[in-house]
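Peer 1: Please see the structure below; I have some questions.
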Amino acid sequence: MLVAVLKGAVNTLVALSQAMTIDAQIDFMSLSSYGSGSSSSGRITVRQDLSTDVKGRNVLIVEDIIDSGYTLDWTVRELKRRGAASVEVFALLEKPARRKVEVPVKYKGFEVPDEFVVGFGLDYDERFRNLDSIAVLKPEVYEGSLV
């Protein structure tokens with residue numbers, strides 16, 4: 001079973017599931033750990049929960065990017081608490097410089113430096129998700145001098 005964390009992981013989930021040679025059920029969770037601004041508060045809010053019971057299932061969490069690790073750590077623990085037979089992680093991007101909580105990532109696409117990246121599902125203020133590639137956002141954009 002593939003579980004994507006909305007909204008950022010949708011593009012990654014589609015690409016991954018289309019490349020798979022086995023059938024897999026897909027479900028979604030929408031979680032937030034961001035307070036005001038672009039850094040994690042560490043408190044997880046569930047905006048949309050799974051519609052499928054994970055009890056006894058092998059689950060692969062599909063993430064767009066692992067930053068602080070708070071959201072992913074909570075998700076792994078929560079799915080295990082719900083009785084998943086196994087929980088593994090696929091992350092398109094990993095940003096180790098910002099890590100606060102270590103979470104084992106079985107499958108990783110790319111490691112990125114401590115810069116704000118957008119595109120291929122990743123956003124800044126709900127913008128730039130639709131880019132077909134990943135790009136570094138200029139600091140002027142998120143520091144407020146460009147809108």
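Here, A, B, ... name the chains of the structure tokens in the order displayed, residue numbers run from 1 inside each chain, and ligands are numbered from 1 in the same displayed order.
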List the spatial neighbours of stretch 97-102 of chain A as an NGL selection string - criterion: any atom at most 6 Å away, only C-alpha atoms, same-chain residues fewer than 6 positions off excluded.
Peer 2: :A and (67-69 or 114)
Peer 1: So that I can see what lies close to A:Asp132, please list as a PyMOL selection string the residues with an atom at most 12 Å from it, counting only C-alpha atoms and leaving out residues fewer than 3 positions away in the same chain.
Peer 2: chain A and resi 11-12+15+118-122+128-129+135
Peer 1: Quick one: write out the picked residues with C-alpha atoms as an mmCIF file, in the first residue's frame?
Peer 2:
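The new file result_12.cif reads:
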data_model
loop_
_atom_site.group_PDB
_atom_site.id
_atom_site.type_symbol
_atom_site.label_atom_id
_atom_site.label_comp_id
_atom_site.auth_asym_id
_atom_site.auth_seq_id
_atom_site.Cartn_x
_atom_site.Cartn_y
_atom_site.Cartn_z
ATOM 1 C CA ASN A 11 3.729 14.053 -8.402
ATOM 2 C CA THR A 12 6.208 11.671 -6.783
ATOM 3 C CA ALA A 15 5.742 8.772 -11.077
ATOM 4 C CA VAL A 118 10.063 24.113 -5.486
ATOM 5 C CA GLY A 119 8.506 22.266 -8.400
ATOM 6 C CA PHE A 120 7.339 18.704 -9.094
ATOM 7 C CA GLY A 121 4.819 19.056 -6.260
ATOM 8 C CA LEU A 122 6.951 21.140 -3.902
ATOM 9 C CA PHE A 128 5.232 26.520 -8.183
ATOM 10 C CA ARG A 129 3.904 22.963 -7.581
ATOM 11 C CA ALA A 135 14.372 24.404 -8.820
#
Peer 1: Considering only C-alpha atoms, state which residue in the set A:Val3, A:Tyr124, A:Asp49, A:Gly109 is at the smallest distance from A:Ala24.
Peer 2: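 The shortest atom-to-atom distance to A:Ala24 comes from A:Val3.
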Peer 1: Contacts of stretch 50-61 of chain A at 7 Å or less, counting only C-alpha atoms, minus same-chain residues fewer than 6 places along, as a PyMOL selection string?
Peer 2: chain A and resi 1-4+27-29+82-90
Peer 1: Which residues in stretch 2-93 of chain A does DSSP call alpha helix (DSSP H)? List them as an MDAnalysis selection string.
Peer 2: chainID A and resid 10:19 70:81
Peer 1: The selected residues should be written to file as a CSV table (one decimal), in the first residue's frame (atoms: N, CA and C atoms).
Peer 2:
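This went into selection06.csv:
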chain,number,residue,atom,x,y,z
A,10,VAL,N,2.2,14.2,-4.4
A,10,VAL,CA,1.3,13.7,-5.4
A,10,VAL,C,2.1,13.4,-6.7
A,11,ASN,N,3.0,14.3,-7.2
A,11,ASN,CA,3.7,14.1,-8.4
A,11,ASN,C,4.7,12.9,-8.2
A,12,THR,N,5.3,12.8,-7.1
A,12,THR,CA,6.2,11.7,-6.8
A,12,THR,C,5.4,10.4,-6.7
A,13,LEU,N,4.3,10.4,-6.1
A,13,LEU,CA,3.4,9.1,-6.1
A,13,LEU,C,3.1,8.7,-7.4
A,14,VAL,N,2.6,9.6,-8.3
A,14,VAL,CA,2.2,9.2,-9.7
A,14,VAL,C,3.4,8.6,-10.4
A,15,ALA,N,4.6,9.3,-10.4
A,15,ALA,CA,5.7,8.8,-11.1
A,15,ALA,C,6.2,7.4,-10.5
A,16,LEU,N,6.2,7.3,-9.2
A,16,LEU,CA,6.6,6.0,-8.6
A,16,LEU,C,5.6,4.9,-8.9
A,17,SER,N,4.3,5.1,-8.8
A,17,SER,CA,3.3,4.1,-9.0
A,17,SER,C,3.3,3.6,-10.5
A,18,GLN,N,3.5,4.6,-11.4
A,18,GLN,CA,3.6,4.2,-12.8
A,18,GLN,C,4.8,3.4,-13.2
A,19,ALA,N,5.9,3.5,-12.4
A,19,ALA,CA,7.1,2.8,-12.6
A,19,ALA,C,7.1,1.4,-12.0
A,70,TYR,N,10.1,15.9,11.5
A,70,TYR,CA,9.0,15.8,12.5
A,70,TYR,C,7.7,15.1,11.9
A,71,THR,N,7.3,15.5,10.7
A,71,THR,CA,6.1,15.0,10.1
A,71,THR,C,6.3,13.5,9.8
A,72,LEU,N,7.4,13.2,9.2
A,72,LEU,CA,7.6,11.8,8.8
A,72,LEU,C,7.7,10.9,10.0
A,73,ASP,N,8.4,11.3,11.0
A,73,ASP,CA,8.6,10.6,12.3
A,73,ASP,C,7.2,10.3,12.9
A,74,TRP,N,6.3,11.3,12.9
A,74,TRP,CA,5.0,11.1,13.4
A,74,TRP,C,4.2,10.2,12.6
A,75,THR,N,4.3,10.3,11.3
A,75,THR,CA,3.6,9.4,10.3
A,75,THR,C,4.0,7.9,10.5
A,76,VAL,N,5.3,7.7,10.6
A,76,VAL,CA,5.7,6.3,10.7
A,76,VAL,C,5.2,5.7,12.1
A,77,ARG,N,5.3,6.5,13.1
A,77,ARG,CA,4.9,6.0,14.4
A,77,ARG,C,3.4,5.8,14.4
A,78,GLU,N,2.6,6.7,13.8
A,78,GLU,CA,1.2,6.6,13.8
A,78,GLU,C,0.7,5.4,13.0
A,79,LEU,N,1.3,5.1,11.8
A,79,LEU,CA,0.9,4.0,11.0
A,79,LEU,C,1.3,2.6,11.7
A,80,LYS,N,2.4,2.6,12.4
A,80,LYS,CA,2.7,1.4,13.2
A,80,LYS,C,1.7,1.3,14.4
A,81,ARG,N,1.3,2.4,15.0
A,81,ARG,CA,0.4,2.3,16.1
A,81,ARG,C,-1.0,1.8,15.6
Peer 1: Using only C-alpha atoms, which of A:Pro96, A:Gly8, A:Gly42, A:Pro113 sits nearest A:Glu63?
Peer 2: A:Gly8
Peer 1: Quick one, how far is atom CA of A:Lys7 from atom CA of A:Asn130?
Peer 2: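 Computed distance, atom CA of A:Lys7 to atom CA of A:Asn130, equals 11.5 Å.
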Peer 1: Looking only at the backbone, which of the residues in chain A does DSSP tag as strand (DSSP E), as a VMD selection string?
Peer 2: chain A and resid 2 to 6 26 to 34 40 to 48 58 to 66 86 to 94 107 to 111 117 to 118 135 to 136
Peer 1: Mind giving me the straight-line distance from atom CA of A:Tyr107 to atom CA of A:Lys138 in Å, one decimal?
Peer 2: 28.6 Å
